[in-house]
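As provided, work_22.pdb (PDB, C-alpha atoms and all ligand atoms) reads as follows.
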```
MODEL        1
ATOM      1  CA  MET A   1     -16.674   4.746  -7.452
ATOM      2  CA  SER A   2     -15.800   1.109  -8.116
ATOM      3  CA  ARG A   3     -16.477  -0.398 -11.534
ATOM      4  CA  LYS A   4     -19.049  -2.761 -10.047
ATOM      5  CA  ARG A   5     -20.893   0.055  -8.245
ATOM      6  CA  LEU A   6     -20.873   2.207 -11.367
ATOM      7  CA  GLN A   7     -22.395  -0.636 -13.389
ATOM      8  CA  LEU A   8     -25.106  -1.324 -10.817
ATOM      9  CA  LEU A   9     -26.032   2.357 -10.549
ATOM     10  CA  ALA A  10     -26.063   2.751 -14.339
ATOM     11  CA  GLU A  11     -28.281  -0.302 -14.712
ATOM     12  CA  SER A  12     -30.726   0.909 -12.086
ATOM     13  CA  LEU A  13     -30.923   4.485 -13.458
ATOM     14  CA  SER A  14     -31.236   3.287 -17.037
ATOM     15  CA  ARG A  15     -34.252   1.275 -15.936
ATOM     16  CA  SER A  16     -35.862   3.966 -13.756
ATOM     17  CA  THR A  17     -35.453   6.927 -16.106
ATOM     18  CA  LYS A  18     -36.294   4.886 -19.253
ATOM     19  CA  HIS A  19     -34.577   7.353 -21.615
ATOM     20  CA  PHE A  20     -30.884   6.380 -21.410
ATOM     21  CA  SER A  21     -28.930   3.200 -22.152
ATOM     22  CA  GLU A  22     -26.637   1.901 -19.388
ATOM     23  CA  GLY A  23     -23.621   3.165 -21.335
ATOM     24  CA  GLU A  24     -25.160   6.627 -21.564
ATOM     25  CA  VAL A  25     -25.915   6.705 -17.839
ATOM     26  CA  GLU A  26     -22.269   5.768 -17.161
ATOM     27  CA  CYS A  27     -21.182   8.785 -19.236
ATOM     28  CA  LEU A  28     -23.534  11.051 -17.246
ATOM     29  CA  ILE A  29     -22.162   9.660 -13.968
ATOM     30  CA  LYS A  30     -18.604  10.390 -15.150
ATOM     31  CA  LEU A  31     -19.636  13.943 -16.024
ATOM     32  CA  PHE A  32     -21.234  14.206 -12.577
ATOM     33  CA  ASP A  33     -17.951  13.103 -10.930
ATOM     34  CA  ALA A  34     -16.027  15.703 -12.935
ATOM     35  CA  LEU A  35     -18.484  18.429 -11.842
ATOM     36  CA  LEU A  36     -18.332  17.213  -8.256
ATOM     37  CA  ALA A  37     -14.559  17.579  -8.287
ATOM     38  CA  ARG A  38     -15.067  21.242  -9.233
ATOM     39  CA  SER A  39     -17.629  21.913  -6.523
ATOM     40  CA  CYS A  40     -16.201  23.239  -3.281
ATOM     41  CA  SER A  41     -19.442  23.221  -1.304
ATOM     42  CA  GLN A  42     -19.756  21.588   2.086
ATOM     43  CA  PHE A  43     -22.001  19.012   0.400
ATOM     44  CA  ALA A  44     -19.226  18.050  -1.989
ATOM     45  CA  VAL A  45     -19.271  14.475  -0.796
ATOM     46  CA  SER A  46     -22.741  13.691  -2.096
ATOM     47  CA  GLY A  47     -23.534  16.285  -4.743
ATOM     48  CA  PHE A  48     -22.703  19.580  -6.351
ATOM     49  CA  ASN A  49     -24.133  22.968  -5.505
ATOM     50  CA  ARG A  50     -26.285  25.588  -7.185
ATOM     51  CA  ILE A  51     -23.333  27.561  -8.571
ATOM     52  CA  VAL A  52     -21.785  24.571 -10.363
ATOM     53  CA  PHE A  53     -25.252  23.580 -11.588
ATOM     54  CA  ARG A  54     -25.897  27.029 -13.054
ATOM     55  CA  ASP A  55     -22.460  27.244 -14.670
ATOM     56  CA  THR A  56     -22.991  23.807 -16.195
ATOM     57  CA  LEU A  57     -26.433  24.560 -17.628
ATOM     58  CA  PHE A  58     -25.221  27.874 -18.949
ATOM     59  CA  ALA A  59     -22.181  26.289 -20.646
ATOM     60  CA  ALA A  60     -24.135  23.330 -22.024
ATOM     61  CA  PHE A  61     -27.453  24.875 -23.016
ATOM     62  CA  GLY A  62     -26.936  28.652 -22.914
ATOM     63  CA  MET A  63     -29.488  29.061 -20.115
ATOM     64  CA  THR A  64     -29.011  32.464 -18.460
ATOM     65  CA  ASP A  65     -32.251  33.529 -16.781
ATOM     66  CA  ASP A  66     -31.584  33.525 -13.019
ATOM     67  CA  VAL A  67     -35.235  33.225 -11.981
ATOM     68  CA  VAL A  68     -35.737  30.226 -14.272
ATOM     69  CA  LEU A  69     -32.378  28.608 -13.435
ATOM     70  CA  ASP A  70     -33.115  28.753  -9.719
ATOM     71  CA  ARG A  71     -36.347  26.910 -10.349
ATOM     72  CA  VAL A  72     -34.655  24.383 -12.656
ATOM     73  CA  PHE A  73     -32.238  23.696  -9.798
ATOM     74  CA  SER A  74     -35.172  23.123  -7.448
ATOM     75  CA  THR A  75     -36.868  20.699  -9.841
ATOM     76  CA  PHE A  76     -33.615  18.690 -10.053
ATOM     77  CA  ASP A  77     -33.054  18.891  -6.285
ATOM     78  CA  LYS A  78     -36.029  16.706  -5.376
ATOM     79  CA  SER A  79     -34.822  16.040  -1.837
ATOM     80  CA  ASN A  80     -34.461  19.814  -1.312
ATOM     81  CA  SER A  81     -30.993  19.395   0.182
ATOM     82  CA  GLY A  82     -29.343  22.290  -1.673
ATOM     83  CA  CYS A  83     -27.179  20.006  -3.754
ATOM     84  CA  ILE A  84     -27.673  17.744  -6.749
ATOM     85  CA  THR A  85     -26.934  14.065  -6.159
ATOM     86  CA  VAL A  86     -25.958  11.675  -8.927
ATOM     87  CA  VAL A  87     -29.468  10.180  -9.060
ATOM     88  CA  GLU A  88     -31.105  13.645  -9.236
ATOM     89  CA  TRP A  89     -28.627  14.626 -11.950
ATOM     90  CA  VAL A  90     -29.446  11.672 -14.220
ATOM     91  CA  GLU A  91     -33.201  11.872 -13.555
ATOM     92  CA  GLY A  92     -33.249  15.600 -14.325
ATOM     93  CA  LEU A  93     -31.253  15.244 -17.519
ATOM     94  CA  ALA A  94     -33.530  12.417 -18.666
ATOM     95  CA  ILE A  95     -36.338  14.987 -18.859
ATOM     96  CA  LEU A  96     -34.251  17.838 -20.277
ATOM     97  CA  LEU A  97     -32.671  15.721 -23.016
ATOM     98  CA  ARG A  98     -35.169  12.967 -23.757
ATOM     99  CA  GLY A  99     -38.380  13.690 -21.874
ATOM    100  CA  THR A 100     -41.788  12.888 -23.311
ATOM    101  CA  LEU A 101     -44.246  15.765 -23.823
ATOM    102  CA  GLU A 102     -46.066  14.703 -20.656
ATOM    103  CA  GLU A 103     -42.814  14.758 -18.632
ATOM    104  CA  LYS A 104     -41.853  18.130 -20.056
ATOM    105  CA  ILE A 105     -45.278  19.621 -19.234
ATOM    106  CA  LYS A 106     -44.860  18.532 -15.588
ATOM    107  CA  TYR A 107     -41.294  19.868 -15.530
ATOM    108  CA  CYS A 108     -42.096  23.272 -17.097
ATOM    109  CA  PHE A 109     -45.113  23.767 -14.839
ATOM    110  CA  ALA A 110     -42.947  23.049 -11.773
ATOM    111  CA  VAL A 111     -40.333  25.540 -13.015
ATOM    112  CA  TYR A 112     -42.908  28.287 -13.670
ATOM    113  CA  ASP A 113     -44.815  27.792 -10.399
ATOM    114  CA  LEU A 114     -42.219  29.888  -8.608
ATOM    115  CA  ASN A 115     -43.560  29.477  -5.063
ATOM    116  CA  GLY A 116     -44.633  25.870  -5.545
ATOM    117  CA  ASP A 117     -48.273  26.396  -4.506
ATOM    118  CA  GLY A 118     -49.701  24.486  -7.475
ATOM    119  CA  TYR A 119     -50.667  27.551  -9.555
ATOM    120  CA  ILE A 120     -48.928  29.947 -11.905
ATOM    121  CA  SER A 121     -50.273  33.291 -10.688
ATOM    122  CA  ARG A 122     -50.391  36.686 -12.461
ATOM    123  CA  GLU A 123     -47.546  37.859 -10.161
ATOM    124  CA  GLU A 124     -45.385  34.873 -11.138
ATOM    125  CA  MET A 125     -46.047  35.464 -14.837
ATOM    126  CA  PHE A 126     -45.081  39.101 -14.364
ATOM    127  CA  GLN A 127     -41.816  38.169 -12.660
ATOM    128  CA  MET A 128     -40.882  35.722 -15.426
ATOM    129  CA  LEU A 129     -41.953  37.846 -18.375
ATOM    130  CA  LYS A 130     -40.479  41.168 -17.291
ATOM    131  CA  ASP A 131     -36.924  40.116 -18.177
ATOM    132  CA  THR A 132     -37.760  38.387 -21.436
ATOM    133  CA  LEU A 133     -39.670  41.219 -23.133
ATOM    134  CA  ILE A 134     -37.864  43.506 -25.514
ATOM    135  CA  LYS A 135     -37.521  47.021 -24.104
ATOM    136  CA  GLN A 136     -40.427  49.258 -25.017
ATOM    137  CA  PRO A 137     -40.056  52.781 -26.400
ATOM    138  CA  ALA A 138     -39.661  55.334 -23.596
ATOM    139  CA  ASP A 139     -43.197  56.695 -23.887
ATOM    140  CA  GLU A 140     -44.753  53.289 -23.282
ATOM    141  CA  ASP A 141     -45.044  51.839 -19.810
ATOM    142  CA  PRO A 142     -43.269  48.453 -19.923
ATOM    143  CA  ASP A 143     -45.256  47.157 -16.939
ATOM    144  CA  GLU A 144     -48.507  47.872 -18.801
ATOM    145  CA  ALA A 145     -47.238  45.965 -21.847
ATOM    146  CA  ILE A 146     -46.456  42.926 -19.668
ATOM    147  CA  LYS A 147     -49.864  43.144 -17.986
ATOM    148  CA  ASP A 148     -51.525  43.203 -21.410
ATOM    149  CA  LEU A 149     -49.490  40.140 -22.414
ATOM    150  CA  ILE A 150     -50.510  38.314 -19.230
ATOM    151  CA  GLU A 151     -54.201  38.943 -20.031
ATOM    152  CA  ILE A 152     -53.652  37.482 -23.520
ATOM    153  CA  VAL A 153     -51.923  34.430 -22.027
ATOM    154  CA  LEU A 154     -54.735  33.922 -19.493
ATOM    155  CA  LYS A 155     -57.376  34.214 -22.200
ATOM    156  CA  LYS A 156     -55.637  31.372 -24.053
ATOM    157  CA  MET A 157     -54.605  29.124 -21.156
ATOM    158  CA  ASP A 158     -56.919  29.731 -18.176
ATOM    159  CA  TYR A 159     -59.618  27.204 -19.095
ATOM    160  CA  ASP A 160     -61.551  27.423 -15.827
ATOM    161  CA  HIS A 161     -61.397  31.252 -15.689
ATOM    162  CA  ASP A 162     -60.155  31.597 -12.129
ATOM    163  CA  GLY A 163     -57.392  34.060 -13.045
ATOM    164  CA  LYS A 164     -54.468  31.678 -12.517
ATOM    165  CA  LEU A 165     -53.052  28.600 -14.223
ATOM    166  CA  SER A 166     -53.533  25.236 -12.542
ATOM    167  CA  PHE A 167     -51.631  22.203 -13.814
ATOM    168  CA  ALA A 168     -54.800  21.106 -15.629
ATOM    169  CA  ASP A 169     -55.016  24.501 -17.427
ATOM    170  CA  PHE A 170     -51.351  24.354 -18.416
ATOM    171  CA  GLU A 171     -51.482  20.729 -19.563
ATOM    172  CA  GLN A 172     -54.582  21.318 -21.690
ATOM    173  CA  ALA A 173     -53.155  24.489 -23.263
ATOM    174  CA  VAL A 174     -49.823  22.870 -24.153
ATOM    175  CA  LYS A 175     -51.540  19.793 -25.603
ATOM    176  CA  ASP A 176     -53.631  22.106 -27.807
ATOM    177  CA  GLU A 177     -50.616  24.210 -28.774
ATOM    178  CA  ASN A 178     -47.174  22.698 -28.070
ATOM    179  CA  LEU A 179     -45.415  26.057 -28.486
ATOM    180  CA  LEU A 180     -46.950  27.157 -25.169
ATOM    181  CA  LEU A 181     -44.717  24.648 -23.331
ATOM    182  CA  GLU A 182     -42.090  27.345 -22.742
ATOM    183  CA  ALA A 183     -44.540  30.260 -22.622
ATOM    184  CA  PHE A 184     -42.867  31.924 -19.620
ATOM    185  CA  GLY A 185     -39.222  31.601 -20.622
ATOM    186  CA  PRO A 186     -36.776  29.009 -21.961
ATOM    187  CA  CYS A 187     -36.189  26.187 -19.488
ATOM    188  CA  LEU A 188     -35.370  23.336 -21.879
ATOM    189  CA  PRO A 189     -32.279  23.040 -24.082
ATOM    190  CA  ASP A 190     -32.818  23.972 -27.724
ATOM    191  CA  ILE A 191     -32.276  21.183 -30.266
ATOM    192  CA  LYS A 192     -28.850  22.420 -31.346
ATOM    193  CA  SER A 193     -27.343  22.576 -27.865
ATOM    194  CA  ARG A 194     -29.018  19.286 -26.915
ATOM    195  CA  ILE A 195     -27.405  17.467 -29.847
ATOM    196  CA  ALA A 196     -24.028  19.118 -29.169
ATOM    197  CA  PHE A 197     -24.231  18.079 -25.504
ATOM    198  CA  GLU A 198     -25.097  14.480 -26.374
ATOM    199  CA  GLU A 199     -22.299  14.226 -28.924
ATOM    200  CA  ARG A 200     -19.823  15.524 -26.380
ATOM    201  CA  VAL A 201     -20.997  13.452 -23.415
ATOM    202  CA  PHE A 202     -21.964  10.212 -25.206
ATOM    203  CA  PRO A 203     -19.066   9.895 -27.683
ATOM    204  CA  ASP A 204     -19.000   6.096 -28.016
ATOM    205  CA  THR A 205     -22.415   4.970 -26.958
ATOM    206  CA  ARG A 206     -24.399   7.128 -29.354
ATOM    207  CA  LYS A 207     -26.796   5.094 -31.440
ATOM    208  CA  LEU A 208     -28.686   6.172 -34.557
TER
HETATM  209 CA    CA A 301     -47.450  29.676  -7.699
HETATM  210 CA    CA A 302     -57.280  28.476 -13.990
ENDMDL
END
```

In structure tokens, how does this file's structure come out?
Amino acid sequence: MSRKRLQLLAESLSRSTKHFSEGEVECLIKLFDALLARSCSQFAVSGFNRIVFRDTLFAAFGMTDDVVLDRVFSTFDKSNSGCITVVEWVEGLAILLRGTLEEKIKYCFAVYDLNGDGYISREEMFQMLKDTLIKQPADEDPDEAIKDLIEIVLKKMDYDHDGKLSFADFEQAVKDENLLLEAFGPCLPDIKSRIAFEERVFPDTRKL
């Protein structure tokens, strides 16, 4: 990418995402180019694939849950092309690293709504929670324990009592209790890995 093109793209993305300076966007574009060089997918010209994306998020933020990571990929891949373009990369990271509560609520809901039908259903909760729960003693049925947990979650978050979480339910619940933002599994970087990532990727542009 030419210097001029890099500057123009950085300027435009800094303005559209609102959370990064132009210098910071340039650093993210350089990281994108390095990741692209590693990607051997057929889409390598315009973006990098799911495997590189997952490796990167695992290395940077310790994210390991396959169900969640697949959905994180889909929320980044807005054009649904199977690869992450430079614009999708910067826009996605703007939310992961610097998003407002409102942006993070939209992002987490999209991640947790596994089939994208606008609701988080009991079945989707079950799928997400079954891997995160600590193993139960042998004489207890783990599925029953998850079902009990789902009923507790619904009691707290299902404001209109229709047995599933709409965006309005989720938004209201998280605004009342911010800890519910990642109720169905970690999908945002923790503070420590976020700071480490920013220090590594933004070495010179970092402001106070
Ligand atoms: Ca759904
Ligand atoms: Ca509901």

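Residues in contact with ligand CA 302 (chain A) comprise Asp158, Tyr159, Asp160, His161, Asp162, Gly163, Lys164, Leu165, Ser166 and Asp169 of chain A, where contact means an atom-to-atom distance of at most 6 Å counting all atoms listed in the file.
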
Keeping only C-alpha atoms, write those residues as a compact mmCIF listing (two decimals), in the coordinates of the input.
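Output file part_12.txt is given in full below:
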```
# COMPACT_ATOMS: atom_id res chain seq x y z
CA ASP A 158 -56.92 29.73 -18.18
CA TYR A 159 -59.62 27.20 -19.10
CA ASP A 160 -61.55 27.42 -15.83
CA HIS A 161 -61.40 31.25 -15.69
CA ASP A 162 -60.16 31.60 -12.13
CA GLY A 163 -57.39 34.06 -13.04
CA LYS A 164 -54.47 31.68 -12.52
CA LEU A 165 -53.05 28.60 -14.22
CA SER A 166 -53.53 25.24 -12.54
CA ASP A 169 -55.02 24.50 -17.43
```

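Proximity ranking of A:Val153, A:Val67, A:Leu101, A:Leu93 relative to Glu171 (chain A) places A:Leu101 first, based on all atoms listed in the file.
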
At most 7 Å from ligand CA 301 (chain A) (all atoms listed in the file): residue list as a ChimeraX atom specification: /A:113-121,124

Target residues per the PyMOL selection byres (((chain A and resi 23) around 10) and not hetatm), formatted as a list of chain:residue names: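 That expression, the PyMOL selection byres (((chain A and resi 23) around 10) and not hetatm), corresponds here to A:Gln7, A:Ala10, A:Glu11, A:Ser14, A:Phe20, A:Ser21, A:Glu22, A:Glu24, A:Val25, A:Glu26, A:Cys27, A:Leu28, A:Ile29, A:Phe202, A:Asp204, A:Thr205, A:Arg206.
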
Given all atoms listed in the file as the counted atoms, nearest of A:Asp131, A:Phe61, A:Asp55, A:Val86 to Asp33 (chain A):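 Closest residue, counting all atoms listed in the file: A:Val86.
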
Between CA of Leu36 (chain A) and CA of Val52 (chain A), distance in Å (one decimal):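 Computed distance, CA of Leu36 (chain A) to CA of Val52 (chain A), equals 8.4 Å.
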
Distance of CA of Phe76 (chain A) from CA of Ala110 (chain A), expressed in Å to one decimal place: 10.4 Å

Phe170 (chain A) surroundings by only C-alpha atoms, 8 Å radius, close-in-sequence under 6 positions cut, as a PyMOL selection string: chain A and resi 105+109+157-158

Selected residue of minimal separation from Glu144 (chain A) among A:Gly99, A:Arg38, A:Leu8, A:Phe126, counting all atoms listed in the file: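 Among A:Gly99, A:Arg38, A:Leu8, A:Phe126, it is A:Phe126 that comes nearest to Glu144 (chain A).
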
All residues 8 Å or closer to region 174-189 of chain A, only C-alpha atoms, same chain fewer than 2 positions away omitted, as a list in words: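 Listed by chain and then number, they are Phe61, Gly62, Met63, Val68, Leu69, Val72, Leu96, Leu97, Lys104, Ile105, Cys108, Val111, Tyr112, Met125, Met128, Leu129, Thr132, Phe170, Glu171, Gln172, Ile191, Ser193 and Arg194 of chain A.
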
Point-to-point distance from CA of Asp77 (chain A) to CA of Trp89 (chain A), Å rounded to tenths: 8.4 Å

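When all atoms listed in the file are used to measure the gap to Gly82 (chain A), the shortest distance among A:Leu31, A:Ile95, A:Ile51, A:Ile152 belongs to A:Ile51.
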